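structure_9.cif, holding mmCIF, C-alpha atoms:
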```cif
data_protein
loop_
_atom_site.label_atom_id
_atom_site.label_comp_id
_atom_site.auth_asym_id
_atom_site.auth_seq_id
_atom_site.Cartn_x
_atom_site.Cartn_y
_atom_site.Cartn_z
CA MET P 1 76.48 129.98 127.07
CA ASP P 2 76.36 126.94 124.80
CA TYR P 3 76.84 123.79 126.88
CA LYS P 4 76.54 121.34 123.98
CA GLY P 5 79.36 118.78 124.06
CA ILE P 6 80.37 119.55 127.68
CA LYS P 7 80.25 116.50 129.95
CA CYS P 8 77.76 116.49 132.80
CA PRO P 9 79.71 116.40 136.12
CA VAL P 10 77.47 113.61 137.42
CA CYS P 11 76.92 111.14 134.56
CA GLU P 12 79.91 112.34 132.51
CA LYS P 13 77.88 112.12 129.30
CA PRO P 14 78.18 114.96 126.76
CA MET P 15 75.25 117.32 126.78
CA LEU P 16 73.18 117.40 123.61
CA GLU P 17 71.30 120.27 122.07
CA ASP P 18 67.86 119.00 123.14
CA ASP P 19 68.86 117.97 126.69
CA ASP P 20 67.13 119.57 129.70
CA ILE P 21 70.00 121.46 131.33
CA VAL P 22 70.07 123.32 134.63
CA VAL P 23 72.84 125.60 135.94
CA CYS P 24 74.02 126.02 139.51
CA PRO P 25 73.08 129.55 140.62
CA GLU P 26 76.26 129.92 142.70
CA CYS P 27 79.12 128.69 140.48
CA GLY P 28 77.39 128.28 137.09
CA ALA P 29 78.16 124.54 136.64
CA PRO P 30 75.76 122.88 134.14
CA TYR P 31 73.93 119.58 134.82
CA HIS P 32 71.33 117.36 133.27
CA ARG P 33 68.17 118.19 135.24
CA ALA P 34 67.75 114.55 136.24
CA CYS P 35 71.35 114.35 137.45
CA TYR P 36 71.01 117.54 139.46
CA MET P 37 67.78 116.26 141.03
CA GLU P 38 69.55 112.98 141.85
CA LYS P 39 72.35 114.75 143.76
CA GLY P 40 70.06 117.37 145.24
CA SER P 41 72.66 120.13 144.97
CA CYS P 42 75.78 121.23 143.15
CA ILE P 43 78.77 118.95 143.74
CA PHE P 44 81.35 121.76 143.45
CA THR P 45 81.12 122.84 147.08
CA GLU P 46 84.79 123.83 147.16
CA LEU P 47 84.09 126.47 144.50
CA HIS P 48 81.21 127.81 146.55
CA GLU P 49 83.42 128.11 149.63
CA LYS P 50 86.11 130.00 147.68
CA GLY P 51 83.59 132.14 145.84
CA GLU P 52 84.89 130.97 142.49
CA ASN P 53 82.94 130.19 139.34
CA TRP P 54 82.92 126.91 137.42
CA MET P 55 84.90 127.01 134.16
CA PRO P 56 84.51 124.60 131.25
CA PRO P 57 87.54 122.31 130.66
CA ALA P 58 90.05 123.62 128.15
CA PRO P 59 89.92 121.86 124.78
CA PRO P 60 92.87 119.55 124.03
CA THR P 61 95.62 121.15 121.99
CA ALA P 62 96.60 119.46 118.76
CA PRO P 63 100.29 118.56 118.44
CA ASN P 64 102.40 120.88 116.29
CA THR P 65 103.34 118.50 113.49
CA VAL P 66 105.45 121.18 111.76
CA SER P 67 108.15 121.06 114.45
CA GLU P 68 107.86 117.32 115.10
CA ILE P 69 110.43 114.87 113.85
CA LYS P 70 109.30 113.01 110.76
CA ASP P 71 109.91 109.31 111.43
CA GLN P 72 106.67 107.67 110.26
CA GLU P 73 107.09 106.19 106.80
CA CYS P 74 103.89 105.88 104.79
CA PRO P 75 103.29 102.22 103.80
CA ASN P 76 101.75 103.37 100.53
CA CYS P 77 103.98 106.12 99.08
CA GLY P 78 107.04 105.94 101.39
CA VAL P 79 106.97 109.62 102.43
CA LEU P 80 108.12 110.46 105.96
CA ASN P 81 105.41 112.03 108.14
CA ALA P 82 105.32 113.70 111.56
CA HIS P 83 105.59 111.46 114.62
CA SER P 84 102.00 112.04 115.80
CA ALA P 85 100.40 112.07 112.34
CA MET P 86 97.55 109.61 111.85
CA PHE P 87 97.35 109.92 108.06
CA CYS P 88 99.95 110.52 105.37
CA ASN P 89 100.00 114.19 104.38
CA ILE P 90 100.60 113.19 100.73
CA CYS P 91 98.35 110.25 99.85
CA GLY P 92 96.13 110.11 102.97
CA THR P 93 96.96 106.49 103.88
CA SER P 94 96.42 105.56 107.53
CA LEU P 95 99.65 105.47 109.54
CA THR P 96 98.10 103.61 112.50
CA GLY P 97 97.22 100.40 110.72
CA GLU P 98 93.48 101.16 110.93
CA PRO P 99 91.12 101.16 107.92
CA THR P 100 91.23 104.37 105.92
CA PRO P 101 87.65 105.34 105.11
CA HIS P 102 88.67 108.99 104.84
CA ARG P 103 91.42 110.52 102.72
CA ASN P 104 92.98 113.95 103.14
CA SER P 105 91.58 115.05 99.82
CA PRO P 106 88.87 117.53 98.88
CA TYR P 107 87.30 114.93 96.57
CA ASN P 108 85.89 113.05 99.57
CA HIS P 109 84.09 116.07 101.00
CA HIS P 110 81.28 117.04 98.68
CA THR P 111 77.61 117.65 98.98
CA PRO P 112 75.25 114.92 97.74
CA HIS P 113 74.23 115.15 94.11
CA SER P 114 71.83 113.34 91.90
CA ALA P 115 72.96 110.17 90.10
CA ALA P 116 73.40 112.06 86.82
CA GLU P 117 75.48 114.78 88.47
CA GLU P 118 77.65 112.17 90.23
CA GLU P 119 78.25 110.40 86.92
CA ARG P 120 79.27 113.63 85.22
CA ARG P 121 81.53 114.59 88.13
CA ASP P 122 83.26 111.18 88.13
CA ALA P 123 83.70 111.30 84.36
CA ALA P 124 85.26 114.74 84.56
CA GLN P 125 87.73 113.56 87.22
CA THR P 126 88.69 110.22 85.67
CA GLY P 127 88.66 111.32 82.06
CA SER P 128 86.28 108.60 80.79
CA TYR P 129 85.70 108.53 77.06
CA PRO P 130 83.37 109.39 75.47
CA PRO P 131 82.31 111.93 78.11
CA PRO P 132 78.62 112.19 79.01
CA PRO P 133 76.63 115.17 77.72
CA GLY P 134 77.55 118.39 79.45
CA VAL P 135 81.06 117.26 80.39
CA THR P 136 84.19 118.73 78.80
CA PHE P 137 87.13 116.34 78.77
CA HIS P 138 90.30 117.91 80.18
CA GLY P 139 92.87 115.14 79.86
CA PHE P 140 93.56 112.30 82.27
CA GLY P 141 91.80 113.66 85.32
CA ALA P 142 92.79 115.71 88.32
CA MET P 143 95.95 115.27 90.38
CA PRO P 144 95.03 112.77 93.16
CA PHE P 145 97.35 114.41 95.70
CA GLN P 146 99.54 117.42 96.20
CA PHE P 147 103.19 116.87 95.25
CA ASP P 148 105.61 117.44 98.13
CA SER P 149 108.89 118.80 96.74
CA MET P 150 110.61 118.13 100.11
CA GLY P 151 109.83 114.40 100.19
CA GLY P 152 108.07 114.67 103.55
CA VAL P 153 110.97 116.48 105.23
CA ASN P 154 110.44 119.72 107.16
CA PRO P 155 112.42 122.49 105.37
CA ALA P 156 113.25 124.11 108.71
CA ASP P 157 114.90 120.97 110.15
CA PRO P 158 118.70 121.26 110.42
CA LEU P 159 120.79 119.17 108.01
CA ALA P 160 124.17 120.38 109.29
CA GLU P 161 125.62 123.40 111.07
CA ASN P 162 124.01 126.54 109.62
CA VAL P 163 122.36 124.43 106.88
CA SER P 164 118.68 123.42 106.81
CA TYR P 165 116.96 121.02 104.46
CA GLY P 166 115.30 124.03 102.85
CA ASP P 167 118.73 125.52 102.09
CA ALA P 168 119.89 122.22 100.57
CA SER P 169 116.78 121.98 98.42
CA LYS P 170 117.53 125.41 96.94
CA LEU P 171 120.91 124.04 95.86
CA VAL P 172 119.64 120.66 94.59
CA GLN P 173 116.77 122.24 92.60
CA GLN P 174 116.06 119.17 90.42
CA ASN P 175 114.52 116.05 92.02
CA THR P 176 114.51 117.55 95.52
CA SER P 177 111.85 115.15 96.80
CA TYR P 178 114.23 112.20 96.29
CA TYR P 179 117.38 113.82 97.62
CA MET P 180 115.81 115.49 100.67
CA SER P 181 114.33 112.16 101.76
CA VAL P 182 117.66 110.41 101.14
CA PHE P 183 119.60 113.08 103.05
CA HIS P 184 117.21 112.76 105.99
CA MET P 185 117.57 108.98 106.12
CA GLN P 186 121.36 109.28 105.96
CA GLN P 187 121.57 111.87 108.74
CA LYS P 188 119.03 110.32 111.09
CA PHE P 189 119.47 106.56 110.56
CA ASN P 190 122.81 106.41 108.67
CA HIS P 191 120.87 104.59 105.95
CA ARG P 192 122.64 104.48 102.58
CA LYS P 193 120.46 104.23 99.49
CA PHE P 194 122.01 102.91 96.27
CA ASN P 195 121.93 105.53 93.50
CA PHE P 196 121.51 103.78 90.14
CA SER P 197 122.21 106.98 88.18
CA ALA P 198 125.53 107.35 89.97
CA PHE P 199 126.23 103.66 89.33
CA LEU P 200 125.51 103.80 85.59
CA PHE P 201 127.24 107.11 84.83
CA SER P 202 129.77 107.43 87.71
CA GLY P 203 131.97 110.43 86.91
CA GLY P 204 129.40 111.77 84.47
CA TRP P 205 126.76 111.84 87.20
CA LEU P 206 129.13 113.67 89.56
CA LEU P 207 129.87 116.31 86.90
CA TYR P 208 126.17 116.55 86.02
CA ARG P 209 125.46 117.35 89.68
CA LYS P 210 128.26 119.99 89.65
CA GLN P 211 130.63 118.00 91.85
CA TYR P 212 133.47 118.93 89.55
CA LYS P 213 136.50 117.93 91.63
CA SER P 214 135.38 114.39 92.45
CA GLY P 215 133.72 114.12 89.02
CA LEU P 216 136.97 114.86 87.19
CA ILE P 217 138.88 112.39 89.35
CA VAL P 218 136.41 109.55 88.77
CA THR P 219 136.06 110.36 85.07
CA GLY P 220 139.85 110.40 84.71
CA ILE P 221 140.11 106.99 86.39
CA MET P 222 137.42 105.54 84.11
CA VAL P 223 139.06 106.99 80.98
CA VAL P 224 142.47 105.57 81.94
CA LEU P 225 140.97 102.14 82.64
CA TYR P 226 139.08 102.24 79.34
CA LEU P 227 142.23 103.14 77.36
CA LEU P 228 144.21 100.44 79.16
CA GLN P 229 141.47 97.94 78.33
CA MET P 230 141.68 98.80 74.63
CA LEU P 231 145.49 98.73 74.70
CA PHE P 232 145.73 95.41 76.54
CA SER P 233 143.12 93.92 74.24
CA GLN P 234 145.51 94.49 71.34
CA ILE P 235 148.94 93.87 72.86
CA GLY P 236 147.72 91.43 75.47
CA THR P 237 144.84 89.20 74.43
CA VAL P 238 145.47 89.25 70.69
CA GLU P 239 149.26 88.86 70.88
CA VAL P 240 149.12 86.08 73.48
CA THR P 241 146.52 84.24 71.40
CA MET P 242 148.73 84.44 68.31
CA ARG P 243 151.78 83.17 70.22
CA ALA P 244 149.72 80.29 71.62
CA LEU P 245 148.62 79.26 68.11
CA ASP P 246 152.16 79.55 66.76
CA SER P 247 153.47 77.30 69.51
CA PHE P 248 151.10 74.54 68.37
CA GLY P 249 151.70 75.14 64.68
CA ALA P 250 148.17 76.43 64.05
CA VAL P 251 148.30 78.93 61.21
CA ASN P 252 144.70 79.77 60.32
CA GLN P 253 142.51 80.64 63.30
CA ALA P 254 139.42 80.83 61.12
CA ASP P 255 139.50 77.05 60.55
CA MET P 256 139.42 76.30 64.28
CA THR P 257 136.48 75.67 66.53
CA ASN P 258 136.08 77.50 69.82
CA VAL P 259 136.85 74.29 71.70
CA GLN P 260 140.18 73.87 69.86
CA LEU P 261 141.11 77.50 70.47
CA TYR P 262 140.25 77.20 74.17
CA THR P 263 142.31 74.01 74.41
CA TYR P 264 145.39 75.60 72.82
CA LEU P 265 145.16 78.68 75.05
CA THR P 266 144.70 76.60 78.22
CA GLU P 267 147.71 74.40 77.50
CA TYR P 268 149.83 77.40 76.55
CA LEU P 269 148.94 79.55 79.58
CA VAL P 270 148.92 76.83 82.27
CA ASP P 271 152.60 77.28 83.15
CA LYS P 272 153.10 80.90 81.99
CA PRO P 273 151.70 83.23 84.72
CA THR P 274 153.08 86.36 83.02
CA GLU P 275 151.37 85.50 79.74
CA PHE P 276 148.15 84.62 81.59
CA LEU P 277 148.18 88.01 83.37
CA LEU P 278 148.76 89.78 80.06
CA PHE P 279 145.98 87.80 78.41
CA SER P 280 143.54 88.61 81.28
CA SER P 281 144.49 92.28 81.58
CA PRO P 282 141.46 93.59 79.57
CA LEU P 283 139.13 91.62 81.85
CA ILE P 284 140.90 93.01 84.91
CA CYS P 285 140.42 96.56 83.61
CA SER P 286 136.71 95.87 83.04
CA GLY P 287 136.42 94.52 86.58
CA LEU P 288 138.08 97.62 88.00
CA MET P 289 135.71 99.85 86.02
CA LEU P 290 132.74 97.91 87.39
CA LEU P 291 134.15 98.22 90.92
CA VAL P 292 134.42 102.00 90.56
CA MET P 293 130.81 102.16 89.32
CA VAL P 294 129.53 100.08 92.25
CA VAL P 295 131.43 102.18 94.80
CA ILE P 296 130.08 105.45 93.35
CA GLY P 297 126.58 103.95 93.35
CA PHE P 298 126.85 103.24 97.08
CA ILE P 299 128.53 106.48 98.19
CA GLY P 300 127.09 108.84 95.54
CA ASN P 301 124.27 110.18 97.71
CA ARG P 302 126.64 110.71 100.64
CA LEU P 303 129.11 112.56 98.40
CA TYR P 304 126.31 114.76 97.07
CA MET P 305 124.96 115.55 100.54
CA ASN P 306 128.41 116.58 101.77
CA HIS P 307 128.87 118.66 98.61
CA CYS P 308 125.56 120.45 99.26
CA ILE P 309 126.45 121.13 102.90
CA ARG P 310 129.86 122.59 102.05
CA THR P 311 128.47 124.67 99.19
CA VAL P 312 125.60 126.12 101.26
CA GLN P 313 127.95 126.98 104.12
CA LYS P 314 130.32 128.73 101.70
CA ILE P 315 127.47 130.64 100.03
CA LYS P 316 126.10 131.84 103.38
CA ALA P 317 129.55 132.93 104.50
CA GLU P 318 130.20 134.97 101.34
CA ALA P 319 126.74 136.37 100.51
CA GLN P 320 126.10 139.93 101.68
CA THR P 321 122.40 140.29 100.87
CA GLU P 322 119.41 138.04 100.30
CA SER P 323 119.58 138.65 96.56
CA ASP P 324 123.24 137.58 96.54
CA LEU P 325 122.23 134.42 98.39
CA GLU P 326 119.52 133.50 95.88
CA ALA P 327 121.81 134.27 92.94
CA ALA P 328 124.52 132.02 94.40
CA TYR P 329 122.03 129.17 94.88
CA LEU P 330 120.93 129.53 91.29
CA SER P 331 124.49 129.62 89.97
CA CYS P 332 126.06 126.87 92.08
CA GLY P 333 123.04 124.58 92.30
CA GLY P 334 120.98 122.54 89.89
CA VAL P 335 122.55 120.41 87.18
CA ASN P 336 124.95 120.94 84.29
CA ILE P 337 123.22 119.66 81.17
CA ALA P 338 126.07 120.76 78.88
CA VAL P 339 128.50 118.46 80.68
CA ALA P 340 126.14 115.52 80.28
CA PHE P 341 125.79 116.22 76.55
CA VAL P 342 129.57 116.51 76.03
CA LEU P 343 130.26 113.30 77.94
CA MET P 344 127.68 111.40 75.91
CA LEU P 345 129.23 112.72 72.69
CA CYS P 346 132.72 111.68 73.82
CA TYR P 347 131.43 108.23 74.72
CA MET P 348 129.87 107.77 71.28
CA ILE P 349 133.09 108.89 69.59
CA SER P 350 135.17 106.48 71.68
CA GLN P 351 132.86 103.63 70.69
CA TRP P 352 132.76 104.36 66.96
CA LEU P 353 136.27 105.72 66.34
CA PRO P 354 138.05 102.33 66.58
CA MET P 355 135.72 100.93 63.93
CA LEU P 356 136.62 103.73 61.52
CA LEU P 357 140.39 103.36 61.90
#
```
What would the structure in this file look like if it were written as structure tokens?
Amino acid sequence: MDYKGIKCPVCEKPMLEDDDIVVCPECGAPYHRACYMEKGSCIFTELHEKGENWMPPAPPTAPNTVSEIKDQECPNCGVLNAHSAMFCNICGTSLTGEPTPHRNSPYNHHTPHSAAEEERRDAAQTGSYPPPPGVTFHGFGAMPFQFDSMGGVNPADPLAENVSYGDASKLVQQNTSYYMSVFHMQQKFNHRKFNFSAFLFSGGWLLYRKQYKSGLIVTGIMVVLYLLQMLFSQIGTVEVTMRALDSFGAVNQADMTNVQLYTYLTEYLVDKPTEFLLFSSPLICSGLMLLVMVVIGFIGNRLYMNHCIRTVQKIKAEAQTESDLEAAYLSCGGVNIAVAFVLMLCYMISQWLPMLL
């Protein structure tokens, strides 16, 4: 039996390969010879009385990080790792605050080479130019870490009833690393992350992510506000400005300075709240459009997560076979590029059409 690494029962020091080791003839317990001579006999007398043999201690079992909750955020890349993890499973950064001399990467575990071989190996990995003799350049170097499409979230973890994060990722398809991490933070910590794509494109983003019902509602609201803005700009701002100039006998607006125009409008609107509201109506419409964009930016990820949960639950309830399930994920998930293209075309037409009329 190999006793290397087992602690001596007397001095509690691990036994090394070259140590002088003796074994108790009754129970088989190993000792350093000097320790055994010091005690004069085996210390496991209770084993001798029971007629039992000494057994080496069982090795400690490593925690199962697959089933652990992922609540350790990497300070370097932001990925969530298992609770007992010591290093980030993506970039290898220490999660305990200790120095990180080792990275979880095969590039750190290599056999020693000569200086010339090391130079060629480094040049091949970093893509230095011109490459040394004997090195073929293959672009910008090797991938420094393995990409995690789940954003550090365990696919088997439950997202909702009968829905796991793995199921949701099959529906999301594009940019799953971002959305799985966001969904996890929302479910576990109720943390809302602002979605700038949802903020900038609002209804268009909802339609792009196949949230057609809410997308049509938001897009309809934005279109109505935009048309009202254009309408009020003509019958509100322009007409009120002309009436203000007429009341002061100003005929040619082109001969006025901005200060004079502002003065006339202020004096005209100061005691006419209805005219002031009509004059400000385009600005009010713009403010309402901005408000809708901000709201969608804040609740967009929550809306999308709820959409994914409902869709996955419906797919699982209706699918008969595994192939039907995968086909439904492919059909209902992902993004709708055609909708994004049509919306962009409509936006360009709405911007240029008034100039051509």
Apply the PyMOL selection byres ((chain P and resi 338) around 12) to the file shown and report the selected residues as a list in words.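 Going through the file, the PyMOL selection byres ((chain P and resi 338) around 12) ends up selecting Gly204, Leu207, Tyr208, Arg209, Lys210, Val335, Asn336, Ile337, Val339, Ala340, Phe341, Val342, Leu343, Met344 and Leu345 of chain P.
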Just C-alpha atoms for this one: save the residues we selected as a PDB file, in the coordinates of the input.
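Result went into out27.pdb, see below:
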```pdb
ATOM      1  CA  GLY P 204     129.400 111.770  84.470  1.00  0.00           C
ATOM      2  CA  LEU P 207     129.870 116.310  86.900  1.00  0.00           C
ATOM      3  CA  TYR P 208     126.170 116.550  86.020  1.00  0.00           C
ATOM      4  CA  ARG P 209     125.460 117.350  89.680  1.00  0.00           C
ATOM      5  CA  LYS P 210     128.260 119.990  89.650  1.00  0.00           C
ATOM      6  CA  VAL P 335     122.550 120.410  87.180  1.00  0.00           C
ATOM      7  CA  ASN P 336     124.950 120.940  84.290  1.00  0.00           C
ATOM      8  CA  ILE P 337     123.220 119.660  81.170  1.00  0.00           C
ATOM      9  CA  VAL P 339     128.500 118.460  80.680  1.00  0.00           C
ATOM     10  CA  ALA P 340     126.140 115.520  80.280  1.00  0.00           C
ATOM     11  CA  PHE P 341     125.790 116.220  76.550  1.00  0.00           C
ATOM     12  CA  VAL P 342     129.570 116.510  76.030  1.00  0.00           C
ATOM     13  CA  LEU P 343     130.260 113.300  77.940  1.00  0.00           C
ATOM     14  CA  MET P 344     127.680 111.400  75.910  1.00  0.00           C
ATOM     15  CA  LEU P 345     129.230 112.720  72.690  1.00  0.00           C
TER      16      LEU P 345
END
```
Taking the file as shown, what set of residues would the PyMOL selection byres ((chain P and resi 191-193) around 12) give back, as a PyMOL selection string? chain P and resi 178-179+181-190+194-199+295-303+305
Take the residues just selected and output them with C-alpha atoms as a PDB file, in the frame of the given file.
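Now in result15.pdb:
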```pdb
ATOM      1  CA  TYR P 178     114.230 112.200  96.290  1.00  0.00           C
ATOM      2  CA  TYR P 179     117.380 113.820  97.620  1.00  0.00           C
ATOM      3  CA  SER P 181     114.330 112.160 101.760  1.00  0.00           C
ATOM      4  CA  VAL P 182     117.660 110.410 101.140  1.00  0.00           C
ATOM      5  CA  PHE P 183     119.600 113.080 103.050  1.00  0.00           C
ATOM      6  CA  HIS P 184     117.210 112.760 105.990  1.00  0.00           C
ATOM      7  CA  MET P 185     117.570 108.980 106.120  1.00  0.00           C
ATOM      8  CA  GLN P 186     121.360 109.280 105.960  1.00  0.00           C
ATOM      9  CA  GLN P 187     121.570 111.870 108.740  1.00  0.00           C
ATOM     10  CA  LYS P 188     119.030 110.320 111.090  1.00  0.00           C
ATOM     11  CA  PHE P 189     119.470 106.560 110.560  1.00  0.00           C
ATOM     12  CA  ASN P 190     122.810 106.410 108.670  1.00  0.00           C
ATOM     13  CA  PHE P 194     122.010 102.910  96.270  1.00  0.00           C
ATOM     14  CA  ASN P 195     121.930 105.530  93.500  1.00  0.00           C
ATOM     15  CA  PHE P 196     121.510 103.780  90.140  1.00  0.00           C
ATOM     16  CA  SER P 197     122.210 106.980  88.180  1.00  0.00           C
ATOM     17  CA  ALA P 198     125.530 107.350  89.970  1.00  0.00           C
ATOM     18  CA  PHE P 199     126.230 103.660  89.330  1.00  0.00           C
ATOM     19  CA  VAL P 295     131.430 102.180  94.800  1.00  0.00           C
ATOM     20  CA  ILE P 296     130.080 105.450  93.350  1.00  0.00           C
ATOM     21  CA  GLY P 297     126.580 103.950  93.350  1.00  0.00           C
ATOM     22  CA  PHE P 298     126.850 103.240  97.080  1.00  0.00           C
ATOM     23  CA  ILE P 299     128.530 106.480  98.190  1.00  0.00           C
ATOM     24  CA  GLY P 300     127.090 108.840  95.540  1.00  0.00           C
ATOM     25  CA  ASN P 301     124.270 110.180  97.710  1.00  0.00           C
ATOM     26  CA  ARG P 302     126.640 110.710 100.640  1.00  0.00           C
ATOM     27  CA  LEU P 303     129.110 112.560  98.400  1.00  0.00           C
ATOM     28  CA  MET P 305     124.960 115.550 100.540  1.00  0.00           C
TER      29      MET P 305
END
```
Hits from the PyMOL selection byres ((chain P and resi 288) around 12), listed as an mmCIF file with C-alpha atoms, in the frame of the given file:
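Result saved to selection_32.cif:
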```cif
data_model
loop_
_atom_site.group_PDB
_atom_site.id
_atom_site.type_symbol
_atom_site.label_atom_id
_atom_site.label_comp_id
_atom_site.auth_asym_id
_atom_site.auth_seq_id
_atom_site.Cartn_x
_atom_site.Cartn_y
_atom_site.Cartn_z
ATOM 1 C CA ILE P 221 140.110 106.990 86.390
ATOM 2 C CA MET P 222 137.420 105.540 84.110
ATOM 3 C CA VAL P 223 139.060 106.990 80.980
ATOM 4 C CA VAL P 224 142.470 105.570 81.940
ATOM 5 C CA LEU P 225 140.970 102.140 82.640
ATOM 6 C CA TYR P 226 139.080 102.240 79.340
ATOM 7 C CA LEU P 228 144.210 100.440 79.160
ATOM 8 C CA GLN P 229 141.470 97.940 78.330
ATOM 9 C CA SER P 281 144.490 92.280 81.580
ATOM 10 C CA PRO P 282 141.460 93.590 79.570
ATOM 11 C CA LEU P 283 139.130 91.620 81.850
ATOM 12 C CA ILE P 284 140.900 93.010 84.910
ATOM 13 C CA CYS P 285 140.420 96.560 83.610
ATOM 14 C CA SER P 286 136.710 95.870 83.040
ATOM 15 C CA GLY P 287 136.420 94.520 86.580
ATOM 16 C CA MET P 289 135.710 99.850 86.020
ATOM 17 C CA LEU P 290 132.740 97.910 87.390
ATOM 18 C CA LEU P 291 134.150 98.220 90.920
ATOM 19 C CA VAL P 292 134.420 102.000 90.560
ATOM 20 C CA MET P 293 130.810 102.160 89.320
ATOM 21 C CA VAL P 294 129.530 100.080 92.250
ATOM 22 C CA VAL P 295 131.430 102.180 94.800
#
```
My list of candidates is P:Val22, P:Met150, P:Ala244, P:Val312. Which is closest to Leu330 in chain P when distances are computed with only C-alpha atoms?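 Result for the nearest residue to Leu330 in chain P: P:Val312.
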Name the closest residue to Leu47 in chain P among the candidates P:Cys27, P:Glu318, P:His32, P:Thr93; distances are taken between atoms, counting only C-alpha atoms.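 For Leu47 in chain P, the nearest of the given residues is P:Cys27.
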Point-to-point distance in Å for CA of Ala156 in chain P and CA of Gln211 in chain P: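 Separating CA of Gln211 in chain P from CA of Ala156 in chain P is a distance of 25.0 Å.
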